[in-house]
Amino acid sequence: MAETTTFTNATQILEPFRGVKKVTIEEYFTSGHRTCQGCESALVMKLMVKAAGPRTIVLGSTGCMYVANTTYYTTPWVVPWMHTQLGSSGSAALGTAAGLKALMRKGKMKAEPINVIAFCGDGGGADMGIGAISATLTHKEYNSLILLYDNESYANTDIQISGMTPFGAHTTFSPPGRAKRIMHTRWKKNMAGMMAAGHPECRYVATVCASYAVEMMNRVRRALTIGGPTFIHSLDPCPKGWDYDPMLSHELGELAIETGLFPLYEVEDGQVRYYGKTKAIVEGRARKPVREYLLKQGRFAHFTEEDLAYFQRKVDAMWQTWEIPAVVPFKRLDATKSALGAT
Amino acid sequence: MRFRSPFEGAWADPDALLVIRTGDWRLERPVVREARCSHCGLCWLWCPNNCIRDRGTHFAADLTYCKGCGLCARVCPAAAIVMREEDGA
């Protein structure tokens with residue numbers, strides 16, 4: 001047992017890319033995959049594995065990025081890749097990391113740091129697999145990264161509601177009608193905030209968006225360098241599920257950040273650090289109105305002014321009343337005290 | 001579509017893998033105006049299909065795989081890429 005505790009928990013040291021020109025040109029996720037036109041999740045996979053480099057094992061739970069990419073007899077992956085079951089991305093990441101470590105400790109394999117990345121969709125990660133991911137994030141002795149690519153629905157099986165679908169969106173489970181306009185009244189889960197707040201052993205949690213590609217790759221590289229279990233949440237516009245022209249994918253990602261709907265931040269050892277456009281918003285730059293983002297998408301085409309105002313109010317509350325704006329939904333203590341005093 | 005091996009298990013033999021030529025999905029084709037291309041690489045970075053190739057002085061799409069989403073035309077800061085309708089050939 002002494003060996004187990006002294007075995008080094010080394011990770012690859014991946015320096016951040018400084019600008020587009022410094023990004024490596026090798027591709028580990030190649031052309032010829034059957035994702036939709038303008039699929040941002042495919043872009044996330046490409047950038048993720050480009051950032052991670054060749055000594056990487058990728059594990060994919062069921063979802064768009066498994067089904068569309070690796071239909072029978074085809075694969076775009078250059079690095080080793082394995083399919084895991086829908087809810088088990090966390091378990092697979094932990095098991096692979098533990099297995100590699102055991103093989104290296106016993107001398108059956110050359111001891112070297114190997115990146116283990118498990119990706120999961122918002123259905124597989126935020127709905128079904130959340131228990132396994134949560135368990136993985138408590139095991140600090142195994143290095144793994146879990147990347148949640150969030151296209152806000154079960155897009156692979158034709159756009160059903162998931163826990164990450166935003167308020168009021170048109171999905172096949174929530175079609176708006178004449179009698180009832182808003183069929184989906186729940187608000188989206190705060191996945192990255194939940195993972196950061198509830199897992200003291202997890203050293204790195206970040207949110208990324210592929211519209212800011214270099215920043216996104218640097219977050220992946222940081223997560224793999226820091227070691228231990230880490231979690232990244234990525235927002236991916238989905239032309240099919242969100243119902244817009246595929247060429248707008250990039251702009252919708254940018255608009256989600258600029259409207260303040262999806263904040264970009266990283267939580268490293270408990271320290272929250274905003275970056276990119278979100279940093280500018282925190283420092284006082286005005287957020288764009290959410291209607292610019294919502295009305296570009298067909299899934300919100302049934303929204304009236306009343307719904308848009310409600311959506312804007314919820315986003316404003318996220319930035320104005322939360323203890324750490326847009327990260328964790330706790331209210332400030334002095335605000336609570338004054339509210340108690342008033343009653 | 002022919003397999004070289006009569007048995008299943010494509011993963012052990014990279015030669016037996018199928019290649020999906022996603023280029024035949026395309027309705028519009030990205031055309032690069034080479035004189036305007038500043039070789040910045042943003043289209044290469046943001047292409048979800050990984051089909052933009054570096055041609056030395058400019059970037060251009062590999063039309064075997066390009067699905068014609070038009071993202072490269074949209075992100076190009078110099079507006080060097082225009083989408084032209086495929087003529088059905």
# chains A, B, ... in the order shown; residues from 1 in each chain; ligands from 1
call {"tool": "interface_residues", "arguments": {"of": "chain B", "to": "chain A", "cutoff": "7 Å", "atoms": "only C-alpha atoms", "output": "PDB file with N, CA and C atoms, in the first residue's frame"}}
result
ATOM      1  N   ALA B  10     -13.822  -3.555 -37.046  1.00  0.00           N
ATOM      2  CA  ALA B  10     -13.093  -2.616 -37.887  1.00  0.00           C
ATOM      3  C   ALA B  10     -11.995  -1.915 -37.117  1.00  0.00           C
ATOM      4  N   LEU B  17     -11.654   0.802 -42.445  1.00  0.00           N
ATOM      5  CA  LEU B  17     -12.611   1.832 -42.045  1.00  0.00           C
ATOM      6  C   LEU B  17     -13.261   2.461 -43.274  1.00  0.00           C
ATOM      7  N   LEU B  18     -14.493   2.838 -43.104  1.00  0.00           N
ATOM      8  CA  LEU B  18     -15.182   3.553 -44.175  1.00  0.00           C
ATOM      9  C   LEU B  18     -14.865   5.039 -44.071  1.00  0.00           C
ATOM     10  N   VAL B  19     -14.875   5.712 -45.173  1.00  0.00           N
ATOM     11  CA  VAL B  19     -14.702   7.166 -45.180  1.00  0.00           C
ATOM     12  C   VAL B  19     -16.014   7.767 -45.654  1.00  0.00           C
ATOM     13  N   ILE B  20     -16.553   8.665 -44.847  1.00  0.00           N
ATOM     14  CA  ILE B  20     -17.803   9.311 -45.242  1.00  0.00           C
ATOM     15  C   ILE B  20     -17.445  10.610 -45.945  1.00  0.00           C
ATOM     16  N   ARG B  21     -17.749  10.710 -47.204  1.00  0.00           N
ATOM     17  CA  ARG B  21     -17.456  11.946 -47.938  1.00  0.00           C
ATOM     18  C   ARG B  21     -18.622  12.900 -47.745  1.00  0.00           C
ATOM     19  N   THR B  22     -18.496  13.726 -46.694  1.00  0.00           N
ATOM     20  CA  THR B  22     -19.612  14.587 -46.326  1.00  0.00           C
ATOM     21  C   THR B  22     -19.779  15.750 -47.299  1.00  0.00           C
ATOM     22  N   TRP B  46     -12.157  27.739 -36.668  1.00  0.00           N
ATOM     23  CA  TRP B  46     -13.565  27.616 -36.313  1.00  0.00           C
ATOM     24  C   TRP B  46     -14.355  26.674 -37.216  1.00  0.00           C
ATOM     25  N   CYS B  47     -13.711  26.019 -38.166  1.00  0.00           N
ATOM     26  CA  CYS B  47     -14.455  25.092 -39.014  1.00  0.00           C
ATOM     27  C   CYS B  47     -14.818  23.845 -38.216  1.00  0.00           C
ATOM     28  N   PRO B  48     -16.104  23.552 -38.013  1.00  0.00           N
ATOM     29  CA  PRO B  48     -16.464  22.388 -37.211  1.00  0.00           C
ATOM     30  C   PRO B  48     -16.111  21.071 -37.890  1.00  0.00           C
ATOM     31  N   ASN B  49     -15.975  21.078 -39.229  1.00  0.00           N
ATOM     32  CA  ASN B  49     -15.686  19.838 -39.942  1.00  0.00           C
ATOM     33  C   ASN B  49     -14.217  19.641 -40.179  1.00  0.00           C
ATOM     34  N   ASN B  50     -13.402  20.582 -39.732  1.00  0.00           N
ATOM     35  CA  ASN B  50     -11.973  20.414 -39.856  1.00  0.00           C
ATOM     36  C   ASN B  50     -11.522  20.357 -41.300  1.00  0.00           C
ATOM     37  N   CYS B  51     -12.210  21.012 -42.208  1.00  0.00           N
ATOM     38  CA  CYS B  51     -11.888  20.788 -43.611  1.00  0.00           C
ATOM     39  C   CYS B  51     -11.175  21.966 -44.248  1.00  0.00           C
ATOM     40  N   TYR B  65     -14.901  17.113 -47.966  1.00  0.00           N
ATOM     41  CA  TYR B  65     -15.555  17.006 -46.668  1.00  0.00           C
ATOM     42  C   TYR B  65     -16.403  18.216 -46.308  1.00  0.00           C
ATOM     43  N   LYS B  67     -19.183  20.599 -45.605  1.00  0.00           N
ATOM     44  CA  LYS B  67     -20.632  20.412 -45.599  1.00  0.00           C
ATOM     45  C   LYS B  67     -21.363  21.672 -46.035  1.00  0.00           C
ATOM     46  N   GLY B  68     -20.638  22.747 -46.217  1.00  0.00           N
ATOM     47  CA  GLY B  68     -21.244  23.976 -46.710  1.00  0.00           C
ATOM     48  C   GLY B  68     -22.072  24.721 -45.688  1.00  0.00           C
ATOM     49  N   CYS B  69     -21.645  24.744 -44.427  1.00  0.00           N
ATOM     50  CA  CYS B  69     -22.448  25.436 -43.406  1.00  0.00           C
ATOM     51  C   CYS B  69     -22.309  26.943 -43.535  1.00  0.00           C
ATOM     52  N   GLY B  70     -21.187  27.425 -44.056  1.00  0.00           N
ATOM     53  CA  GLY B  70     -21.021  28.865 -44.226  1.00  0.00           C
ATOM     54  C   GLY B  70     -20.440  29.570 -43.028  1.00  0.00           C
ATOM     55  N   LEU B  71     -20.035  28.805 -42.008  1.00  0.00           N
ATOM     56  CA  LEU B  71     -19.463  29.422 -40.815  1.00  0.00           C
ATOM     57  C   LEU B  71     -18.179  30.184 -41.142  1.00  0.00           C
ATOM     58  N   ARG B  74     -18.806  33.514 -42.526  1.00  0.00           N
ATOM     59  CA  ARG B  74     -19.335  34.421 -41.510  1.00  0.00           C
ATOM     60  C   ARG B  74     -18.241  34.932 -40.572  1.00  0.00           C
TER      61      ARG B  74
END
call {"tool": "residues_around", "arguments": {"residues": "Arg33 (chain B)", "least_positions_apart": "4", "cutoff": "7 Å", "atoms": "only C-alpha atoms", "output": "PyMOL selection string"}}
result
chain B and resi 37+80-81
call {"tool": "write_last_selection", "arguments": {"atoms": "N, CA and C atoms", "output": "PDB file, in the first residue's frame"}}
result
ATOM      1  N   CYS B  37      -7.539  37.306 -48.805  1.00  0.00           N
ATOM      2  CA  CYS B  37      -7.238  36.464 -47.641  1.00  0.00           C
ATOM      3  C   CYS B  37      -5.966  36.945 -46.967  1.00  0.00           C
ATOM      4  N   ALA B  80     -13.234  37.398 -47.167  1.00  0.00           N
ATOM      5  CA  ALA B  80     -12.570  36.794 -48.327  1.00  0.00           C
ATOM      6  C   ALA B  80     -13.322  35.566 -48.820  1.00  0.00           C
ATOM      7  N   ILE B  81     -14.187  35.001 -47.985  1.00  0.00           N
ATOM      8  CA  ILE B  81     -14.890  33.777 -48.380  1.00  0.00           C
ATOM      9  C   ILE B  81     -16.337  34.134 -48.737  1.00  0.00           C
TER      10      ILE B  81
END
call {"tool": "select_by_dssp", "arguments": {"residues": "region 145-285 of chain A", "states": "alpha helix (DSSP H)", "output": "ChimeraX atom specification"}}
result
/A:191-198,213-226,239-242,249-258,276-282
call {"tool": "atom_distance", "arguments": {"atom1": "CA of Cys120 (chain A)", "atom2": "CA of Tyr204 (chain A)"}}
result
17.5 Å
call {"tool": "residues_around", "arguments": {"residues": "His39 (chain B)", "least_positions_apart": "3", "cutoff": "10 Å", "atoms": "only C-alpha atoms", "output": "VMD selection string"}}
result
chain B and resid 34 36 42 to 44 54 to 59 78
call {"tool": "select_by_dssp", "arguments": {"residues": "region 102-296 of chain A", "states": "strand (DSSP E)", "output": "ChimeraX atom specification"}}
result
/A:115-121,144-150,204-209,229-235,265-268,271-274
call {"tool": "residues_around", "arguments": {"residues": "region 131-143 of chain A", "least_positions_apart": "5", "cutoff": "9 Å", "atoms": "only C-alpha atoms", "output": "ChimeraX atom specification"}}
result
/A:9-11,87-94,97-98,101,114-116,125-126,195,198-203,224,226-231
call {"tool": "write_last_selection", "arguments": {"atoms": "C-alpha atoms", "output": "CSV table (one decimal), in the first residue's frame"}}
result
chain,number,residue,atom,x,y,z
A,9,ASN,CA,0.3,11.9,-9.6
A,10,ALA,CA,2.0,13.6,-12.4
A,11,THR,CA,0.2,15.3,-15.3
A,87,GLY,CA,-25.0,7.9,-17.7
A,88,SER,CA,-21.5,6.7,-17.0
A,89,SER,CA,-19.1,9.2,-18.3
A,90,GLY,CA,-17.9,9.9,-14.8
A,91,SER,CA,-17.4,6.3,-13.9
A,92,ALA,CA,-15.6,5.6,-17.1
A,93,ALA,CA,-13.2,8.5,-16.5
A,94,LEU,CA,-12.5,7.4,-13.0
A,97,ALA,CA,-7.6,6.8,-14.8
A,98,ALA,CA,-7.4,4.2,-12.0
A,101,LYS,CA,-2.4,4.2,-12.7
A,114,ILE,CA,-1.7,10.3,-20.0
A,115,ASN,CA,-4.7,12.6,-20.3
A,116,VAL,CA,-8.1,11.0,-19.7
A,125,GLY,CA,-24.1,14.6,-18.0
A,126,ALA,CA,-26.5,16.9,-16.4
A,195,MET,CA,-20.0,21.3,-9.4
A,198,GLY,CA,-20.2,21.1,-4.0
A,199,HIS,CA,-16.9,19.4,-4.6
A,200,PRO,CA,-14.1,20.5,-2.3
A,201,GLU,CA,-11.5,18.0,-3.8
A,202,CYS,CA,-12.1,19.2,-7.4
A,203,ARG,CA,-9.4,21.8,-8.1
A,224,LEU,CA,-5.4,18.7,-17.7
A,226,ILE,CA,-3.7,21.0,-12.7
A,227,GLY,CA,-4.4,17.3,-12.0
A,228,GLY,CA,-7.1,15.5,-10.1
A,229,PRO,CA,-10.7,15.4,-11.3
A,230,THR,CA,-11.7,18.5,-13.2
A,231,PHE,CA,-14.9,19.6,-14.9
call {"tool": "atom_distance", "arguments": {"atom1": "CA of Arg299 (chain A)", "atom2": "CA of Glu28 (chain B)"}}
result
24.7 Å
call {"tool": "closest_residue", "arguments": {"among": "A:Glu306, A:Glu152, A:Glu15, A:Thr24", "to": "Gly41 (chain B)", "atoms": "only C-alpha atoms"}}
result
A:Thr24
call {"tool": "closest_residue", "arguments": {"among": "A:Val208, A:Ile324, A:Val315, A:Ala179", "to": "Pro166 (chain A)", "atoms": "only C-alpha atoms"}}
result
A:Val315
call {"tool": "decode", "arguments": {"residues": "region 159-172 of chain A", "atoms": "all heavy atoms", "output": "PDB file, in the first residue's frame"}}
result
ATOM      1  N   ILE A 159     -34.356  16.392 -30.342  1.00  0.00           N
ATOM      2  CA  ILE A 159     -34.687  17.586 -29.555  1.00  0.00           C
ATOM      3  C   ILE A 159     -35.789  17.324 -28.526  1.00  0.00           C
ATOM      4  O   ILE A 159     -36.929  17.798 -28.661  1.00  0.00           O
ATOM      5  CB  ILE A 159     -35.103  18.772 -30.449  1.00  0.00           C
ATOM      6  CG1 ILE A 159     -34.395  18.761 -31.771  1.00  0.00           C
ATOM      7  CG2 ILE A 159     -34.900  20.094 -29.756  1.00  0.00           C
ATOM      8  CD1 ILE A 159     -32.912  18.897 -31.723  1.00  0.00           C
ATOM      9  N   GLN A 160     -35.469  16.524 -27.516  1.00  0.00           N
ATOM     10  CA  GLN A 160     -36.377  16.439 -26.368  1.00  0.00           C
ATOM     11  C   GLN A 160     -35.854  17.325 -25.237  1.00  0.00           C
ATOM     12  O   GLN A 160     -34.672  17.675 -25.230  1.00  0.00           O
ATOM     13  CB  GLN A 160     -36.500  14.986 -25.874  1.00  0.00           C
ATOM     14  CG  GLN A 160     -37.335  14.101 -26.767  1.00  0.00           C
ATOM     15  CD  GLN A 160     -36.549  13.491 -27.891  1.00  0.00           C
ATOM     16  OE1 GLN A 160     -35.334  13.449 -27.851  1.00  0.00           O
ATOM     17  NE2 GLN A 160     -37.242  13.030 -28.914  1.00  0.00           N
ATOM     18  N   ILE A 161     -36.741  17.645 -24.281  1.00  0.00           N
ATOM     19  CA  ILE A 161     -36.340  18.492 -23.155  1.00  0.00           C
ATOM     20  C   ILE A 161     -35.282  17.790 -22.321  1.00  0.00           C
ATOM     21  O   ILE A 161     -35.407  16.610 -22.041  1.00  0.00           O
ATOM     22  CB  ILE A 161     -37.568  18.789 -22.262  1.00  0.00           C
ATOM     23  CG1 ILE A 161     -38.457  19.817 -22.916  1.00  0.00           C
ATOM     24  CG2 ILE A 161     -37.145  19.281 -20.894  1.00  0.00           C
ATOM     25  CD1 ILE A 161     -39.590  20.241 -22.052  1.00  0.00           C
ATOM     26  N   SER A 162     -34.238  18.504 -21.939  1.00  0.00           N
ATOM     27  CA  SER A 162     -33.332  17.987 -20.916  1.00  0.00           C
ATOM     28  C   SER A 162     -33.352  18.975 -19.758  1.00  0.00           C
ATOM     29  O   SER A 162     -34.017  20.006 -19.830  1.00  0.00           O
ATOM     30  CB  SER A 162     -31.919  17.833 -21.475  1.00  0.00           C
ATOM     31  OG  SER A 162     -31.266  19.076 -21.488  1.00  0.00           O
ATOM     32  N   GLY A 163     -32.613  18.660 -18.713  1.00  0.00           N
ATOM     33  CA  GLY A 163     -32.565  19.567 -17.567  1.00  0.00           C
ATOM     34  C   GLY A 163     -31.879  20.876 -17.892  1.00  0.00           C
ATOM     35  O   GLY A 163     -31.949  21.824 -17.127  1.00  0.00           O
ATOM     36  N   MET A 164     -31.202  20.941 -19.031  1.00  0.00           N
ATOM     37  CA  MET A 164     -30.473  22.146 -19.396  1.00  0.00           C
ATOM     38  C   MET A 164     -31.223  22.980 -20.425  1.00  0.00           C
ATOM     39  O   MET A 164     -30.699  23.980 -20.897  1.00  0.00           O
ATOM     40  CB  MET A 164     -29.103  21.777 -19.975  1.00  0.00           C
ATOM     41  CG  MET A 164     -28.266  20.909 -19.078  1.00  0.00           C
ATOM     42  SD  MET A 164     -27.831  21.714 -17.557  1.00  0.00           S
ATOM     43  CE  MET A 164     -26.328  22.523 -18.044  1.00  0.00           C
ATOM     44  N   THR A 165     -32.410  22.564 -20.839  1.00  0.00           N
ATOM     45  CA  THR A 165     -33.172  23.352 -21.803  1.00  0.00           C
ATOM     46  C   THR A 165     -33.643  24.642 -21.152  1.00  0.00           C
ATOM     47  O   THR A 165     -34.186  24.601 -20.050  1.00  0.00           O
ATOM     48  CB  THR A 165     -34.383  22.543 -22.300  1.00  0.00           C
ATOM     49  OG1 THR A 165     -33.917  21.300 -22.774  1.00  0.00           O
ATOM     50  CG2 THR A 165     -35.110  23.263 -23.405  1.00  0.00           C
ATOM     51  N   PRO A 166     -33.440  25.781 -21.782  1.00  0.00           N
ATOM     52  CA  PRO A 166     -33.859  27.036 -21.143  1.00  0.00           C
ATOM     53  C   PRO A 166     -35.375  27.206 -21.135  1.00  0.00           C
ATOM     54  O   PRO A 166     -36.100  26.519 -21.856  1.00  0.00           O
ATOM     55  CB  PRO A 166     -33.179  28.098 -21.993  1.00  0.00           C
ATOM     56  CG  PRO A 166     -32.897  27.464 -23.283  1.00  0.00           C
ATOM     57  CD  PRO A 166     -32.741  26.003 -23.042  1.00  0.00           C
ATOM     58  N   PHE A 167     -35.805  28.139 -20.328  1.00  0.00           N
ATOM     59  CA  PHE A 167     -37.228  28.434 -20.151  1.00  0.00           C
ATOM     60  C   PHE A 167     -37.930  28.683 -21.487  1.00  0.00           C
ATOM     61  O   PHE A 167     -37.446  29.458 -22.313  1.00  0.00           O
ATOM     62  CB  PHE A 167     -37.354  29.663 -19.253  1.00  0.00           C
ATOM     63  CG  PHE A 167     -38.735  30.254 -19.192  1.00  0.00           C
ATOM     64  CD1 PHE A 167     -39.668  29.748 -18.320  1.00  0.00           C
ATOM     65  CD2 PHE A 167     -39.091  31.307 -20.025  1.00  0.00           C
ATOM     66  CE1 PHE A 167     -40.935  30.284 -18.266  1.00  0.00           C
ATOM     67  CE2 PHE A 167     -40.360  31.852 -19.981  1.00  0.00           C
ATOM     68  CZ  PHE A 167     -41.281  31.329 -19.096  1.00  0.00           C
ATOM     69  N   GLY A 168     -39.050  28.004 -21.689  1.00  0.00           N
ATOM     70  CA  GLY A 168     -39.937  28.334 -22.802  1.00  0.00           C
ATOM     71  C   GLY A 168     -39.515  27.829 -24.157  1.00  0.00           C
ATOM     72  O   GLY A 168     -40.216  28.065 -25.130  1.00  0.00           O
ATOM     73  N   ALA A 169     -38.377  27.121 -24.257  1.00  0.00           N
ATOM     74  CA  ALA A 169     -37.890  26.735 -25.583  1.00  0.00           C
ATOM     75  C   ALA A 169     -38.824  25.716 -26.230  1.00  0.00           C
ATOM     76  O   ALA A 169     -39.424  24.882 -25.564  1.00  0.00           O
ATOM     77  CB  ALA A 169     -36.497  26.152 -25.470  1.00  0.00           C
ATOM     78  N   HIS A 170     -38.913  25.816 -27.549  1.00  0.00           N
ATOM     79  CA  HIS A 170     -39.714  24.867 -28.314  1.00  0.00           C
ATOM     80  C   HIS A 170     -38.891  23.607 -28.529  1.00  0.00           C
ATOM     81  O   HIS A 170     -37.866  23.640 -29.190  1.00  0.00           O
ATOM     82  CB  HIS A 170     -40.081  25.523 -29.648  1.00  0.00           C
ATOM     83  CG  HIS A 170     -40.844  24.630 -30.573  1.00  0.00           C
ATOM     84  ND1 HIS A 170     -41.301  25.034 -31.777  1.00  0.00           N
ATOM     85  CD2 HIS A 170     -41.233  23.346 -30.456  1.00  0.00           C
ATOM     86  CE1 HIS A 170     -41.943  24.050 -32.384  1.00  0.00           C
ATOM     87  NE2 HIS A 170     -41.906  23.006 -31.598  1.00  0.00           N
ATOM     88  N   THR A 171     -39.320  22.488 -27.946  1.00  0.00           N
ATOM     89  CA  THR A 171     -38.717  21.192 -28.228  1.00  0.00           C
ATOM     90  C   THR A 171     -39.854  20.256 -28.616  1.00  0.00           C
ATOM     91  O   THR A 171     -41.021  20.645 -28.565  1.00  0.00           O
ATOM     92  CB  THR A 171     -37.997  20.623 -26.998  1.00  0.00           C
ATOM     93  OG1 THR A 171     -38.976  20.367 -25.991  1.00  0.00           O
ATOM     94  CG2 THR A 171     -36.967  21.570 -26.457  1.00  0.00           C
ATOM     95  N   THR A 172     -39.511  19.025 -28.997  1.00  0.00           N
ATOM     96  CA  THR A 172     -40.591  18.108 -29.374  1.00  0.00           C
ATOM     97  C   THR A 172     -41.444  17.721 -28.168  1.00  0.00           C
ATOM     98  O   THR A 172     -42.562  17.255 -28.325  1.00  0.00           O
ATOM     99  CB  THR A 172     -40.043  16.835 -30.037  1.00  0.00           C
ATOM    100  OG1 THR A 172     -38.940  16.378 -29.290  1.00  0.00           O
ATOM    101  CG2 THR A 172     -39.614  17.101 -31.450  1.00  0.00           C
TER     102      THR A 172
END
